[in-house]
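Trainee: Could you have a look at this structure, given as structure tokens, before my questions?
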Amino acid sequence: MAFFDLETTGVNVASDRIVEIAILKAMPDGTEIVKTLRINPEMPIPLASSLIHGIYEEDIKDAPTFRMVAQEIADFIGDADLAGYNSNRFDIPVILEEFLRVGVDFDMADRKFVDVQNIFHQMEQRTLRAAYKFYCDKDIVNAHSAEADITATYHVLLAQLERYENADFEDKQGNISKPVQNDVDALHLFTNMNRPVDFAGRMVFNENNEETFNFGKHKGKCCEQVFDMEPSYYAWMKQGDFPLYTKKKLEEIWLRWNKKKDEARALKQAQASKPQPVAVKAAEGSPVALEEPKTATPAVPVNRPTFKGQKDKPAKDITNDMLEQLKMKFGK
């Protein structure tokens, strides 16, 4: 049986790539053979992923690509059955994508798959009945009646507060805290780690407090960025079979996005209509100044008289002095 685990650039089975693979091959005679390889994913490793597995781009820049080691990995696994932790949902689909991407035929037809996580989840069931038995060492009387269930839930929380008082918890980034406290704010933070926007989990907040989609082809992308690329996605969700509260929160994001677009458009129009400064040539050695364009004074048409013998020759421009002389001579 080949137990294997992958470290990857992310959690998207279709698009993320392997950066490290470790395989423990358990032989029928009890011997163990381990093979570990760092792999250049030929794509950037997001910082959030590096913080989890500790592998950065500089660590794998000289490592072989998956294409270069694919046949070596396939030969090492051979015809062994596959095992891992959450392997059925993640590790196996990812490595199959990698094999198919480089054209290596890794036959899965007759293999068995053992997912250790599924053993844990099924044997240590995460139901209220199991939690009440585990924490309180009691069986729920009249289980699945609302009052009995809610009373059991309250008692489970009290037992958790007692059991985990001053207990350390280490998150995926290696941060250690004591989150289970007799404090509502602390319990709220600890029990809402995914930070859902809509409670159904279709949208969640990322580390920058931005709403992101948590499903489908745009999983992990900011909602506003998706609206920029594909505005029709909003209409598709509004018409789709999603919870009403999800649609309500989606509409709030959509309206905010539209308001930003309108404000940006208005600002652009205002800037376009504003008179542009005119460059004035400065004397050599002095700074060039910019001044607002001056409004030209409209020309006032003047009726120019013509005199005998000058029909085709326009008179000189009439000045105020000339008008005063004419007034004095003719008295009008």
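Identifiers in the structure tokens: chain A, B, ... in order shown; residue index from 1 per chain; ligand index from 1 in order shown.
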Can you list, as an NGL selection string, all residues belonging to region 70-293 of chain A that DSSP tags as alpha helix (DSSP H)?

Mentor: :A and (70-77 or 92-102 or 116-123 or 128-136 or 146-163 or 184-191 or 223-229 or 232-239 or 244-273)

Trainee: Could you dump the residues just selected with C-alpha atoms as a short mmCIF file (atom, residue, chain, number, x, y, z; two decimals), in the first residue's frame?

Mentor:
data_model
loop_
_atom_site.label_atom_id
_atom_site.label_comp_id
_atom_site.auth_asym_id
_atom_site.auth_seq_id
_atom_site.Cartn_x
_atom_site.Cartn_y
_atom_site.Cartn_z
CA ALA A 70 6.03 11.61 -13.54
CA GLN A 71 7.18 8.24 -14.85
CA GLU A 72 9.56 7.83 -11.88
CA ILE A 73 6.65 8.39 -9.47
CA ALA A 74 4.35 6.03 -11.38
CA ASP A 75 7.03 3.32 -11.40
CA PHE A 76 7.70 3.74 -7.67
CA ILE A 77 4.01 3.37 -6.78
CA ILE A 92 -5.80 11.30 -5.58
CA PRO A 93 -7.73 13.71 -7.87
CA VAL A 94 -4.77 16.13 -7.93
CA ILE A 95 -2.14 13.53 -8.83
CA LEU A 96 -4.43 12.07 -11.52
CA GLU A 97 -4.75 15.57 -13.05
CA GLU A 98 -0.96 15.86 -13.08
CA PHE A 99 -0.51 12.44 -14.73
CA LEU A 100 -3.13 13.21 -17.38
CA ARG A 101 -1.60 16.65 -18.00
CA VAL A 102 1.74 15.11 -19.00
CA VAL A 116 -7.86 7.38 6.88
CA GLN A 117 -9.88 10.53 7.49
CA ASN A 118 -13.09 8.71 6.63
CA ILE A 119 -12.31 6.05 9.25
CA PHE A 120 -11.86 8.78 11.85
CA HIS A 121 -15.05 10.62 10.92
CA GLN A 122 -17.18 7.52 10.86
CA MET A 123 -15.84 5.89 14.02
CA LEU A 128 -24.72 15.82 18.90
CA ARG A 129 -25.35 12.38 20.39
CA ALA A 130 -21.65 11.47 19.99
CA ALA A 131 -20.51 14.83 21.39
CA TYR A 132 -22.80 14.52 24.42
CA LYS A 133 -21.48 11.02 25.09
CA PHE A 134 -17.87 12.09 24.63
CA TYR A 135 -17.93 15.29 26.69
CA CYS A 136 -20.65 14.55 29.25
CA ALA A 146 -35.89 20.16 20.18
CA GLU A 147 -35.77 20.70 23.95
CA ALA A 148 -33.64 17.63 24.66
CA ASP A 149 -31.20 18.50 21.86
CA ILE A 150 -30.75 22.12 22.87
CA THR A 151 -30.25 21.17 26.54
CA ALA A 152 -27.61 18.64 25.50
CA THR A 153 -25.91 21.28 23.31
CA TYR A 154 -25.69 23.70 26.25
CA HIS A 155 -24.20 21.02 28.49
CA VAL A 156 -21.69 20.05 25.78
CA LEU A 157 -20.47 23.66 25.60
CA LEU A 158 -20.06 23.82 29.39
CA ALA A 159 -18.06 20.60 29.29
CA GLN A 160 -15.91 21.92 26.44
CA LEU A 161 -15.13 25.10 28.38
CA GLU A 162 -14.00 22.97 31.30
CA ARG A 163 -12.02 20.45 29.24
CA VAL A 184 -18.59 35.02 23.71
CA ASP A 185 -16.32 37.10 21.46
CA ALA A 186 -13.53 34.51 21.62
CA LEU A 187 -15.95 31.64 20.94
CA HIS A 188 -17.48 33.54 18.03
CA LEU A 189 -14.07 34.01 16.39
CA PHE A 190 -13.07 30.38 16.93
CA THR A 191 -16.29 28.86 15.65
CA CYS A 223 -16.99 39.13 -5.98
CA GLU A 224 -16.36 42.63 -7.34
CA GLN A 225 -13.55 41.37 -9.56
CA VAL A 226 -15.89 38.71 -10.96
CA PHE A 227 -18.50 41.40 -11.69
CA ASP A 228 -15.80 43.33 -13.57
CA MET A 229 -14.99 40.27 -15.71
CA SER A 232 -23.81 38.18 -16.04
CA TYR A 233 -22.66 35.98 -13.13
CA TYR A 234 -24.79 38.14 -10.84
CA ALA A 235 -27.93 37.49 -12.90
CA TRP A 236 -27.16 33.77 -13.03
CA MET A 237 -26.96 33.58 -9.23
CA LYS A 238 -30.06 35.72 -8.71
CA GLN A 239 -32.04 33.37 -10.93
CA LEU A 244 -32.66 33.99 -0.28
CA TYR A 245 -30.15 35.36 2.24
CA THR A 246 -27.31 34.50 -0.15
CA LYS A 247 -29.10 36.47 -2.86
CA LYS A 248 -29.68 39.36 -0.44
CA LYS A 249 -25.96 39.63 0.39
CA LEU A 250 -25.08 39.21 -3.29
CA GLU A 251 -27.36 42.11 -4.19
CA GLU A 252 -25.72 44.31 -1.54
CA ILE A 253 -22.32 43.64 -3.09
CA TRP A 254 -23.72 44.24 -6.59
CA LEU A 255 -25.26 47.60 -5.63
CA ARG A 256 -22.05 48.72 -3.94
CA TRP A 257 -20.06 47.70 -7.02
CA ASN A 258 -22.44 49.62 -9.31
CA LYS A 259 -22.20 52.70 -7.09
CA LYS A 260 -18.40 52.62 -7.36
CA LYS A 261 -18.66 52.30 -11.15
CA ASP A 262 -21.07 55.25 -11.35
CA GLU A 263 -18.82 57.41 -9.15
CA ALA A 264 -15.78 56.53 -11.24
CA ARG A 265 -17.68 57.32 -14.44
CA ALA A 266 -18.88 60.69 -13.09
CA LEU A 267 -15.35 61.60 -11.99
CA LYS A 268 -13.98 60.71 -15.41
CA GLN A 269 -16.60 62.86 -17.13
CA ALA A 270 -15.89 65.78 -14.80
CA GLN A 271 -12.18 65.57 -15.54
CA ALA A 272 -12.83 65.39 -19.27
CA SER A 273 -14.97 68.56 -19.23
#

Trainee: Skipping near chain neighbours, those fewer than 2 positions away, what residues fall within 9 Å of Phe169 (chain A) using only C-alpha atoms, listed as a list of chain:residue names?

Mentor: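 Contacts, in chain order: A:Ala167, A:Asp171, A:Asn175, A:Ile176, A:Ser177, A:Lys178, A:Pro179, A:Val180.
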
Trainee: Report, in Å to a single decimal, how far apart CA of Glu7 (chain A) and CA of Gly216 (chain A) are.

Mentor: 22.2 Å

Trainee: Which of these, A:Leu47, A:Leu6, A:Met27, A:Met1, has the shortest distance to Leu82 (chain A) once you count only C-alpha atoms?

Mentor: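 Answer, going by the shortest atom-to-atom distance: A:Met1.
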
Trainee: Can you pull out every residue from region 45-276 of chain A that DSSP, working from the backbone, puts in strand (DSSP E or B), and format the result as a list in words?

Mentor: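 After running DSSP on the backbone, region 45-276 of chain A has strand (DSSP E or B) at Thr65, Leu82, Ala83, Gly84, Phe113, Val114, Asp115, Phe169, Glu170, Ile176, Ser177, Pro196, Met203, Val204, Phe205, Glu211, Thr212, Phe213 and Cys222 of chain A.
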
Trainee: Can you list, as a list in words, every protein, DNA or RNA residue that comes within 9 Å of Glu210 (chain A) when you count only C-alpha atoms, leaving out same-chain residues fewer than 3 positions away?

Mentor: Val204, Phe205, Asn206, Glu207, Cys222, Cys223 and Glu224 of chain A
